[in-house]
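Quick notes on the structure that follows.
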2 protein chains.
Amino acid sequence: MKDYLLTPGPTPVPPEVLEAMARPIIHHRTPQFQAILKEVEENLKYVFQTKNPVLILASSGTGAMEAAVCSLLSPGDKAIVVRAGKFGERWGELCEAYGIEFIPIDVKWGTAVDPNDIKKILEKDNKIKAVYVTLCETSTGVGTDVETIAKVTKGFEAVLVVDAISALGAEPVKTDEWGIDIVVSGSQKGLMIPPGLAFITMSDKAWRLAEKSTLPKFYFDLKAYKKAIEKDDTPYTPAVNLIIGLAEALKMIKREGLDNLVNRHRKHSKAVREAVKALGMDLFAPEAYSEAVTAVNVPDGIDGGKLVKTMRDKYGVAIAGGQSQLKGKIFRIATMGYITADDLKKGFETLETVLAELGYKFEKGAGVKTLEKNLV
Amino acid sequence: MKDYLLTPGPTPVPPEVLEAMARPIIHHRTPQFQAILKEVEENLKYVFQTKNPVLILASSGTGAMEAAVCSLLSPGDKAIVVRAGKFGERWGELCEAYGIEFIPIDVKWGTAVDPNDIKKILEKDNKIKAVYVTLCETSTGVGTDVETIAKVTKGFEAVLVVDAISALGAEPVKTDEWGIDIVVSGSQKGLMIPPGLAFITMSDKAWRLAEKSTLPKFYFDLKAYKKAIEKDDTPYTPAVNLIIGLAEALKMIKREGLDNLVNRHRKHSKAVREAVKALGMDLFAPEAYSEAVTAVNVPDGIDGGKLVKTMRDKYGVAIAGGQSQLKGKIFRIATMGYITADDLKKGFETLETVLAELGYKFEKGAGVKTLEKNLV
């Protein structure tokens with residue numbers, strides 16, 4: 001059985017990338033590896049749309065999120081944390097772990113934060129040094145308007161920190177143009193390589209705060225990475241073969257071009273939304289959807305866990321269920337990275353098959369037909 | 001040109017492992033991946049020679065070292081740090097980063113710590129909660145007698161923490177039998193997979209201390225990993241394809257058997273030491289050598305940097321130079337992991353060729369001949 005991954009990370013890895021990672025390993029303190037790293041650094045700046053260095057960590061995305069707390073802040077600093085899902089909550093957990101007091105903005109799961117709510121807090125509290133938000137909240141499929149939020153934070157001392165782990169490479173992330181101070185990402189989503197690398201880029205404003213940071217840190221001390229990258233080096237042994245895979249993936253992204261890439265994701269995610277509706281199902285986040293992953297309410301009377309499990313174990317098509325409070329209530333179909341139009345067709349064919357098996361009533365073929373129409 | 005890696009990490013990756021990592025990626029929250037993780041956990045216990053769980057982190061080895069500080073200690077705790085090279089120094093830097101006061105035992109580079117020196121300090125200071133040592137000090141090629149040190153620490157409240165990053169899979173590490181409390185390791189040495197994974201296992205005594213630890217941490221909070229591993233899971237997205245590669249590498253180690261593996265490394269490292277002497281050169285650590293990497297004094301009048309560079313760039317054989325204060329003064333030949341007898345022969349043929357080019361006087365062929373004799 002051929003397996004299909006329509007999950008919001010890891011996403012399918014292109015054969016070109018798998019091949020690159022399967023080459024005999026090379027040593028990292030050599031001109032050979034340095035040349036690869038140099039190219040990767042340049043292409044990461046292109047994808048992150050920034051002139052600032054993009055630092056590469058050997059860790060999950062959570063590691064880069066932690067770095068955006070412990071390398072940025074000092075005891076006594078305060079933060080705003082937007083919690084609109086499981087990954088927004090993680091920002092809060094990270095602040096808590098470091099004793100950083102934060103004002104949470106708890107947003108109903110499935111909706112996006114109102115940038116004005118951030119503004120109001122910033123106007124009242126001048127101790128706030130950072131605003132933590134999630135661009136694509138993977139757990140709910142919500143996309144956040146970080147462009148507008150950046151306009152808000154620009155007028156304050158606070159630094160805007162954006163978790164773009166599942167958004168980068170799927171949605172526009174115009175770091176410098178919009179004025180986002182810190183962008184964090186991971187490898188196993190839009191960047192099309194396996195998990196194990198995390199990324200972070202910081203504006204001058206953020207670096208000024210980071211220079212003063214006194215929270216304890218070592219592996220996630222970004223100053224060491226910044227110093228190393230100036231010599232196309234890393235402070236600790238890098239994940240060599242993942243970086244070599246990344247070099248290939250970034251070349252593919254550059255060949256496609258960011259505009260085409262964003263348009264492709266837009267088209268795919270719209271097709272998924274329309275197909276879902278054609279099957280008589282509701283989107284979990286109809287107003288504030290992301291282009292990277294679509295969350296769908298499990299129809300009444302259908303077992304959400306069984307739906308996901310049957311698609312995967314009987315038909316080889318992996319989609320994601322709900323997390324935390326949404327377990328069993330939603331399922332999620334990703335459109336990020338190397339997930340192709342054909343993969344989505346296979347996904348909807350299988351979704352229809354399994355929905356029918358589970359006794360859901362719908363017009364057979366309507367999902368696939370609507371999907372195909374929108375994919376043209 | 002075919003490239004040869006005789007460096008102390010990354011070491012060559014077996015084709016079976018490269019192939020496994022190049023398979024289409026699978027999702028980590030599936031019974032399929034869980035089954036792999038379960039097998040990996042069992043085989044890691046075999047290699048670490050412990051009944052306790054071996055936790056897997058997506059990070060460089062330094063990440064697991066940091067976890068052995070921030071997940072173990074609390075403000076006010078004191079430590080002993082054995083500094084006999086660059087990686088011993090790192091234990092000190094980590095303690096410093098977290099404000100942990102430590103008593104350094106500075107050992108002349110190229111020699112090993114006297115376990116009695118540790119005992120004397122422990123007897124005087126009952127605030128000491130941890131003793132940090134390095135089994136194989138990669139920067140000097142020194143092997144430390146952790147078996148004897150474990151006998152010392154057993155009588156005290158302090159926990160023995162051993163950096164076995166470059167030793168594991170090359171030298172005996174009898175965690176439970178010797179009574180080592182914490183063993184830390186990495187993926188790119190004796191375990192034969194690319195860098196990007198780190199490992200840590202802890203005794204009940206260490207876990208009791210860790211349960212009380214109040215130093216700030218999140219990604220390196222080992223309690224979360226322990227809780228997850230009980231369900232064959234990981235707290236954050238694991239480095240899926242590295243773990244799948246690891247599954248293959250561990251199968252290879254199990255097929256060979258730990259005794260055979262240790263004997264092979266002993267034979268190889270002895271052959272290297274004898275061959276070096278046959279070329280009229282001196283070992284940097286003649287008394288306290290490790291079986292994982294051999295450090296050699298660069299002969300007078302020879303440019304150590306040029307030796308390493310010429311071997312690599314002209315002949316495709318990568319060995320390592322010296323680090324920090326040993327830059328240009330030593331070169332290092334690794335015998336760990338998948339470095340075979342044939343690789344070592346190629347290494348010494350090339351070493352002789354380049355030594356001759358650089359004007360060093362020696363009996364031509366003596367190194368290779370002695371090596372071969374000892375490899376039988």
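The way I read the labels, and the way they are meant: chains A, B, ... in the order of the structure tokens, residue 1 as the first residue of every chain, and ligand 1 as the first ligand shown, with later ones counted on from there.
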*asked:* From a backbone DSSP assignment, name each residue in region 6-102 of chain A labelled helix (DSSP H, G or I), as a ChimeraX atom specification.
replied: /A:15-21,31-48,61-70,86-97
I'm after chain B in the frame of chain A: fit it by least squares over all Cα atoms matched in order, and give me the output as a short mmCIF file (atom, residue, chain, number, x, y, z; two decimals) with C-alpha atoms, in the first residue's frame.
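File written: out-v9.cif
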data_model
loop_
_atom_site.label_atom_id
_atom_site.label_comp_id
_atom_site.auth_asym_id
_atom_site.auth_seq_id
_atom_site.Cartn_x
_atom_site.Cartn_y
_atom_site.Cartn_z
CA MET B 1 -0.01 0.00 0.01
CA LYS B 2 1.33 3.41 -0.90
CA ASP B 3 1.01 5.80 2.01
CA TYR B 4 -0.17 9.39 1.71
CA LEU B 5 0.63 12.06 4.28
CA LEU B 6 -1.90 14.89 4.53
CA THR B 7 -0.88 15.76 8.07
CA PRO B 8 0.24 19.20 9.28
CA GLY B 9 3.80 18.00 9.90
CA PRO B 10 5.65 15.93 9.13
CA THR B 11 4.66 16.53 5.53
CA PRO B 12 5.86 14.38 2.62
CA VAL B 13 9.55 14.75 1.84
CA PRO B 14 10.39 15.13 -1.87
CA PRO B 15 12.54 12.31 -3.33
CA GLU B 16 15.22 14.87 -4.24
CA VAL B 17 15.52 15.74 -0.55
CA LEU B 18 15.52 12.11 0.59
CA GLU B 19 18.26 11.38 -1.93
CA ALA B 20 20.37 14.30 -0.73
CA MET B 21 20.07 13.15 2.87
CA ALA B 22 21.08 9.62 1.88
CA ARG B 23 24.44 10.69 0.45
CA PRO B 24 27.53 9.70 2.47
CA ILE B 25 27.82 12.09 5.38
CA ILE B 26 30.50 14.78 5.40
CA HIS B 27 32.20 16.51 8.32
CA HIS B 28 30.74 19.84 9.39
CA ARG B 29 33.98 21.73 9.99
CA THR B 30 35.07 21.65 6.34
CA PRO B 31 34.96 24.11 3.43
CA GLN B 32 32.62 21.60 1.73
CA PHE B 33 29.95 21.87 4.41
CA GLN B 34 30.54 25.58 4.87
CA ALA B 35 29.69 26.17 1.22
CA ILE B 36 26.39 24.31 1.68
CA LEU B 37 25.61 26.24 4.85
CA LYS B 38 26.33 29.54 3.12
CA GLU B 39 23.87 28.74 0.34
CA VAL B 40 21.27 27.55 2.86
CA GLU B 41 21.64 30.79 4.84
CA GLU B 42 21.04 32.89 1.73
CA ASN B 43 18.01 30.86 0.67
CA LEU B 44 16.53 30.92 4.18
CA LYS B 45 16.68 34.73 4.08
CA TYR B 46 14.72 34.53 0.82
CA VAL B 47 12.01 32.32 2.33
CA PHE B 48 11.85 34.29 5.59
CA GLN B 49 11.87 37.52 3.52
CA THR B 50 14.44 39.17 5.70
CA LYS B 51 17.88 40.67 5.44
CA ASN B 52 18.75 39.40 8.92
CA PRO B 53 20.44 36.05 9.49
CA VAL B 54 18.17 33.04 9.98
CA LEU B 55 19.68 30.90 12.73
CA ILE B 56 19.47 27.11 12.45
CA LEU B 57 18.98 25.00 15.58
CA ALA B 58 19.11 21.21 15.85
CA SER B 59 15.79 20.78 17.70
CA SER B 60 12.04 20.61 17.22
CA GLY B 61 10.23 23.87 16.55
CA THR B 62 9.57 24.13 20.28
CA GLY B 63 13.30 24.67 20.78
CA ALA B 64 13.24 27.82 18.67
CA MET B 65 10.13 28.98 20.55
CA GLU B 66 12.02 28.51 23.80
CA ALA B 67 14.96 30.49 22.39
CA ALA B 68 12.53 33.33 21.60
CA VAL B 69 11.77 33.49 25.32
CA CYS B 70 15.01 32.65 27.15
CA SER B 71 17.31 34.46 24.70
CA LEU B 72 15.10 37.54 24.53
CA LEU B 73 13.81 38.39 27.99
CA SER B 74 15.07 39.05 31.49
CA PRO B 75 13.50 38.57 34.91
CA GLY B 76 10.88 41.27 35.48
CA ASP B 77 9.99 41.62 31.79
CA LYS B 78 6.34 41.06 30.96
CA ALA B 79 4.74 39.61 27.84
CA ILE B 80 1.43 39.25 26.04
CA VAL B 81 0.53 35.74 24.96
CA VAL B 82 -2.22 35.13 22.44
CA ARG B 83 -3.76 31.76 23.22
CA ALA B 84 -6.03 30.60 20.44
CA GLY B 85 -5.06 26.93 20.49
CA LYS B 86 -2.54 24.37 21.66
CA PHE B 87 0.46 26.19 20.21
CA GLY B 88 -0.57 29.57 21.56
CA GLU B 89 -0.79 27.87 24.93
CA ARG B 90 2.79 26.70 24.48
CA TRP B 91 3.99 30.33 24.43
CA GLY B 92 2.35 30.71 27.83
CA GLU B 93 3.92 27.51 29.15
CA LEU B 94 7.33 28.72 27.99
CA CYS B 95 6.93 32.09 29.73
CA GLU B 96 5.81 30.27 32.85
CA ALA B 97 8.84 27.97 32.77
CA TYR B 98 11.10 31.04 32.89
CA GLY B 99 9.06 32.99 35.43
CA ILE B 100 7.99 35.60 32.88
CA GLU B 101 4.70 37.18 33.87
CA PHE B 102 2.34 37.38 30.91
CA ILE B 103 -1.08 38.73 30.09
CA PRO B 104 -2.98 36.06 28.19
CA ILE B 105 -5.41 36.95 25.43
CA ASP B 106 -7.61 33.89 25.33
CA VAL B 107 -9.31 33.64 21.99
CA LYS B 108 -12.13 31.21 21.27
CA TRP B 109 -10.58 28.23 19.48
CA GLY B 110 -11.42 28.49 15.80
CA THR B 111 -11.24 32.28 15.74
CA ALA B 112 -8.36 34.74 15.46
CA VAL B 113 -7.19 37.44 17.84
CA ASP B 114 -8.35 41.01 17.29
CA PRO B 115 -5.17 43.11 16.88
CA ASN B 116 -6.91 45.89 18.83
CA ASP B 117 -6.96 43.73 21.93
CA ILE B 118 -3.17 43.63 21.78
CA LYS B 119 -3.02 47.39 21.29
CA LYS B 120 -5.18 48.08 24.33
CA ILE B 121 -2.90 46.10 26.62
CA LEU B 122 0.27 47.65 25.20
CA GLU B 123 -1.13 51.12 25.80
CA LYS B 124 -1.80 50.32 29.44
CA ASP B 125 1.36 48.42 30.39
CA ASN B 126 4.82 49.69 29.47
CA LYS B 127 6.57 46.74 31.10
CA ILE B 128 5.58 44.51 28.22
CA LYS B 129 8.63 43.54 26.21
CA ALA B 130 7.24 40.86 23.92
CA VAL B 131 4.00 39.86 22.19
CA TYR B 132 3.80 36.16 21.37
CA VAL B 133 1.43 35.08 18.59
CA THR B 134 0.90 32.09 16.32
CA LEU B 135 0.60 32.71 12.59
CA CYS B 136 -1.04 29.43 11.67
CA GLU B 137 -2.48 27.80 14.79
CA THR B 138 -2.02 24.20 13.66
CA SER B 139 -4.43 22.86 16.26
CA THR B 140 -7.40 24.88 14.94
CA GLY B 141 -6.46 25.75 11.35
CA VAL B 142 -6.73 29.45 12.15
CA GLY B 143 -4.59 32.02 10.36
CA THR B 144 -3.67 35.18 12.29
CA ASP B 145 -3.38 38.63 10.75
CA VAL B 146 0.20 39.26 11.79
CA GLU B 147 0.57 42.06 9.24
CA THR B 148 -1.90 44.18 11.19
CA ILE B 149 -0.48 43.10 14.54
CA ALA B 150 2.97 44.21 13.38
CA LYS B 151 1.55 47.67 12.63
CA VAL B 152 0.33 47.77 16.23
CA THR B 153 3.55 46.64 17.91
CA LYS B 154 5.71 48.95 15.77
CA GLY B 155 4.67 51.90 17.92
CA PHE B 156 5.68 50.26 21.18
CA GLU B 157 8.83 49.02 22.85
CA ALA B 158 7.50 45.45 22.73
CA VAL B 159 8.90 42.96 20.25
CA LEU B 160 6.49 40.94 18.06
CA VAL B 161 7.29 37.23 18.10
CA VAL B 162 5.54 35.08 15.51
CA ASP B 163 5.36 31.29 15.57
CA ALA B 164 5.36 30.56 11.83
CA ILE B 165 6.23 26.89 12.31
CA SER B 166 3.41 25.58 10.16
CA ALA B 167 2.86 28.77 8.14
CA LEU B 168 6.28 29.34 6.63
CA GLY B 169 6.44 28.08 3.08
CA ALA B 170 2.65 27.99 2.86
CA GLU B 171 1.48 31.52 3.65
CA PRO B 172 3.14 34.87 3.06
CA VAL B 173 5.51 35.77 5.89
CA LYS B 174 6.87 39.19 4.93
CA THR B 175 9.13 39.54 7.93
CA ASP B 176 10.93 42.79 7.13
CA GLU B 177 8.18 44.44 5.07
CA TRP B 178 5.54 43.92 7.73
CA GLY B 179 7.97 44.61 10.57
CA ILE B 180 7.79 41.31 12.43
CA ASP B 181 10.62 41.23 14.95
CA ILE B 182 11.04 37.52 15.47
CA VAL B 183 9.92 34.66 13.24
CA VAL B 184 10.28 31.08 14.43
CA SER B 185 9.84 28.03 12.22
CA GLY B 186 10.47 24.30 11.87
CA SER B 187 11.64 21.95 9.17
CA GLN B 188 8.84 19.42 8.78
CA LYS B 189 6.07 21.63 7.38
CA GLY B 190 6.32 23.98 4.42
CA LEU B 191 10.07 23.48 4.20
CA MET B 192 9.51 19.85 3.17
CA ILE B 193 12.24 18.15 5.18
CA PRO B 194 11.95 15.77 8.12
CA PRO B 195 11.59 17.13 11.66
CA GLY B 196 14.77 17.96 13.57
CA LEU B 197 15.62 21.52 12.56
CA ALA B 198 14.22 24.78 13.90
CA PHE B 199 14.79 28.32 12.67
CA ILE B 200 14.68 31.78 14.13
CA THR B 201 15.36 35.24 12.73
CA MET B 202 15.39 38.50 14.70
CA SER B 203 15.23 42.19 13.86
CA ASP B 204 17.67 44.78 15.20
CA LYS B 205 15.00 45.79 17.74
CA ALA B 206 14.80 42.19 18.96
CA TRP B 207 18.58 41.77 19.05
CA ARG B 208 18.87 44.90 21.20
CA LEU B 209 16.56 43.30 23.74
CA ALA B 210 18.35 39.95 23.41
CA GLU B 211 21.73 41.54 24.10
CA LYS B 212 20.43 42.50 27.56
CA SER B 213 18.71 39.17 28.27
CA THR B 214 19.76 37.54 31.53
CA LEU B 215 17.48 34.50 31.63
CA PRO B 216 19.58 31.32 31.95
CA LYS B 217 20.34 29.48 28.71
CA PHE B 218 23.09 27.67 26.89
CA TYR B 219 22.03 25.52 23.91
CA PHE B 220 19.31 28.06 23.10
CA ASP B 221 21.55 31.10 23.61
CA LEU B 222 21.08 32.74 20.22
CA LYS B 223 24.11 34.99 20.60
CA ALA B 224 26.34 31.96 20.09
CA TYR B 225 24.48 31.05 16.88
CA LYS B 226 24.69 34.61 15.57
CA LYS B 227 28.42 34.74 16.20
CA ALA B 228 28.95 31.37 14.50
CA ILE B 229 26.79 32.10 11.45
CA GLU B 230 28.97 35.11 10.66
CA LYS B 231 31.67 32.55 9.85
CA ASP B 232 29.18 30.15 8.17
CA ASP B 233 29.51 27.90 11.19
CA THR B 234 27.36 26.54 14.02
CA PRO B 235 28.20 26.60 17.75
CA TYR B 236 27.42 22.90 18.24
CA THR B 237 27.50 19.93 15.87
CA PRO B 238 24.76 20.68 13.34
CA ALA B 239 22.29 18.07 12.04
CA VAL B 240 24.43 17.67 8.92
CA ASN B 241 22.22 15.52 6.74
CA LEU B 242 19.05 17.46 7.55
CA ILE B 243 20.83 20.65 6.47
CA ILE B 244 21.95 18.96 3.26
CA GLY B 245 18.32 17.95 2.67
CA LEU B 246 17.26 21.50 3.44
CA ALA B 247 19.65 22.80 0.79
CA GLU B 248 17.74 20.76 -1.81
CA ALA B 249 14.32 21.77 -0.50
CA LEU B 250 15.24 25.46 -0.56
CA LYS B 251 16.42 25.13 -4.16
CA MET B 252 13.02 23.70 -5.06
CA ILE B 253 11.25 26.58 -3.31
CA LYS B 254 13.43 29.11 -5.08
CA ARG B 255 12.78 27.50 -8.46
CA GLU B 256 9.02 27.68 -7.85
CA GLY B 257 9.26 31.23 -6.49
CA LEU B 258 7.53 32.50 -3.35
CA ASP B 259 4.61 34.07 -5.23
CA ASN B 260 3.81 30.86 -7.10
CA LEU B 261 4.22 28.90 -3.91
CA VAL B 262 1.80 31.11 -2.00
CA ASN B 263 -0.72 30.99 -4.87
CA ARG B 264 -0.50 27.21 -5.05
CA HIS B 265 -1.19 26.92 -1.33
CA ARG B 266 -4.09 29.36 -1.62
CA LYS B 267 -5.62 27.39 -4.45
CA HIS B 268 -5.16 24.07 -2.67
CA SER B 269 -6.58 25.22 0.64
CA LYS B 270 -9.55 26.89 -1.05
CA ALA B 271 -10.20 23.66 -2.96
CA VAL B 272 -10.15 21.74 0.31
CA ARG B 273 -12.56 24.17 1.97
CA GLU B 274 -14.98 24.03 -0.95
CA ALA B 275 -14.81 20.25 -1.17
CA VAL B 276 -15.52 19.95 2.54
CA LYS B 277 -18.60 22.14 2.17
CA ALA B 278 -19.75 20.15 -0.87
CA LEU B 279 -19.77 17.10 1.38
CA GLY B 280 -22.16 18.93 3.72
CA MET B 281 -19.58 19.42 6.45
CA ASP B 282 -18.64 22.61 8.31
CA LEU B 283 -15.26 24.26 8.61
CA PHE B 284 -14.08 24.65 12.18
CA ALA B 285 -12.65 28.11 11.41
CA PRO B 286 -14.81 29.47 8.58
CA GLU B 287 -13.80 33.09 9.15
CA ALA B 288 -10.09 32.94 9.91
CA TYR B 289 -8.77 29.96 8.00
CA SER B 290 -5.10 29.40 7.27
CA GLU B 291 -3.76 28.24 3.91
CA ALA B 292 -1.61 25.57 5.54
CA VAL B 293 -4.14 23.35 7.28
CA THR B 294 -7.94 23.11 7.20
CA ALA B 295 -9.88 22.00 10.27
CA VAL B 296 -13.27 20.38 9.72
CA ASN B 297 -15.99 19.66 12.25
CA VAL B 298 -16.63 15.94 12.52
CA PRO B 299 -20.30 15.50 11.46
CA ASP B 300 -22.80 14.51 14.14
CA GLY B 301 -22.97 10.78 14.70
CA ILE B 302 -19.55 10.10 13.18
CA ASP B 303 -16.65 8.89 15.34
CA GLY B 304 -13.81 11.31 14.55
CA GLY B 305 -11.12 9.03 15.92
CA LYS B 306 -12.36 6.12 13.86
CA LEU B 307 -12.49 8.25 10.72
CA VAL B 308 -8.81 9.19 11.02
CA LYS B 309 -7.76 5.69 12.01
CA THR B 310 -9.65 3.95 9.21
CA MET B 311 -8.33 6.31 6.55
CA ARG B 312 -4.79 5.67 7.76
CA ASP B 313 -4.77 1.98 8.64
CA LYS B 314 -7.15 0.65 5.96
CA TYR B 315 -6.37 3.03 3.09
CA GLY B 316 -2.93 4.48 3.85
CA VAL B 317 -4.07 8.11 3.94
CA ALA B 318 -2.92 9.96 7.04
CA ILE B 319 -4.89 13.06 8.07
CA ALA B 320 -4.82 14.51 11.59
CA GLY B 321 -7.48 14.37 14.28
CA GLY B 322 -8.11 17.05 16.88
CA GLN B 323 -5.76 17.80 19.78
CA SER B 324 -6.53 18.59 23.43
CA GLN B 325 -10.13 19.84 23.81
CA LEU B 326 -10.79 19.17 20.09
CA LYS B 327 -9.96 15.46 20.24
CA GLY B 328 -12.60 13.56 18.25
CA LYS B 329 -14.38 16.80 17.35
CA ILE B 330 -12.42 17.91 14.30
CA PHE B 331 -10.17 16.43 11.67
CA ARG B 332 -7.45 18.34 9.86
CA ILE B 333 -6.22 18.19 6.28
CA ALA B 334 -2.90 19.87 5.55
CA THR B 335 -2.06 21.61 2.29
CA MET B 336 1.48 22.56 3.17
CA GLY B 337 4.77 21.82 1.52
CA TYR B 338 5.02 18.90 -0.89
CA ILE B 339 1.36 17.87 -0.58
CA THR B 340 0.29 17.89 -4.23
CA ALA B 341 -3.08 18.27 -5.96
CA ASP B 342 -3.01 14.52 -6.64
CA ASP B 343 -2.40 13.81 -2.97
CA LEU B 344 -5.45 15.91 -2.11
CA LYS B 345 -7.58 14.04 -4.67
CA LYS B 346 -6.51 10.75 -3.18
CA GLY B 347 -7.30 12.20 0.23
CA PHE B 348 -10.85 13.19 -0.67
CA GLU B 349 -11.55 9.92 -2.51
CA THR B 350 -10.55 8.12 0.66
CA LEU B 351 -12.41 10.55 2.91
CA GLU B 352 -15.60 9.92 0.93
CA THR B 353 -15.08 6.15 1.02
CA VAL B 354 -14.61 6.10 4.78
CA LEU B 355 -17.41 8.59 5.50
CA ALA B 356 -19.73 6.28 3.55
CA GLU B 357 -18.47 3.25 5.49
CA LEU B 358 -19.19 5.08 8.73
CA GLY B 359 -22.77 5.80 7.63
CA TYR B 360 -22.49 9.52 6.87
CA LYS B 361 -25.05 10.70 4.31
CA PHE B 362 -23.74 12.86 1.47
CA GLU B 363 -23.80 13.18 -2.29
CA LYS B 364 -21.17 10.68 -3.41
CA GLY B 365 -18.38 12.19 -5.49
CA ALA B 366 -19.36 15.75 -4.64
CA GLY B 367 -16.21 16.32 -2.59
CA VAL B 368 -13.79 15.03 -5.20
CA LYS B 369 -15.65 16.83 -8.02
CA THR B 370 -15.60 20.17 -6.21
CA LEU B 371 -11.98 19.69 -5.24
CA GLU B 372 -10.96 18.98 -8.83
CA LYS B 373 -12.91 21.95 -10.14
CA ASN B 374 -11.09 24.24 -7.73
CA LEU B 375 -7.69 22.73 -8.42
CA VAL B 376 -7.74 23.64 -12.13
#
*Pick out each residue of region 46-283 of chain A that DSSP on the backbone tags as strand (DSSP E); I need them as a VMD selection string.*
chain A and resid 54 to 58 78 to 83 101 to 106 128 to 134 136 to 137 142 to 143 159 to 163 182 to 186 197 to 202
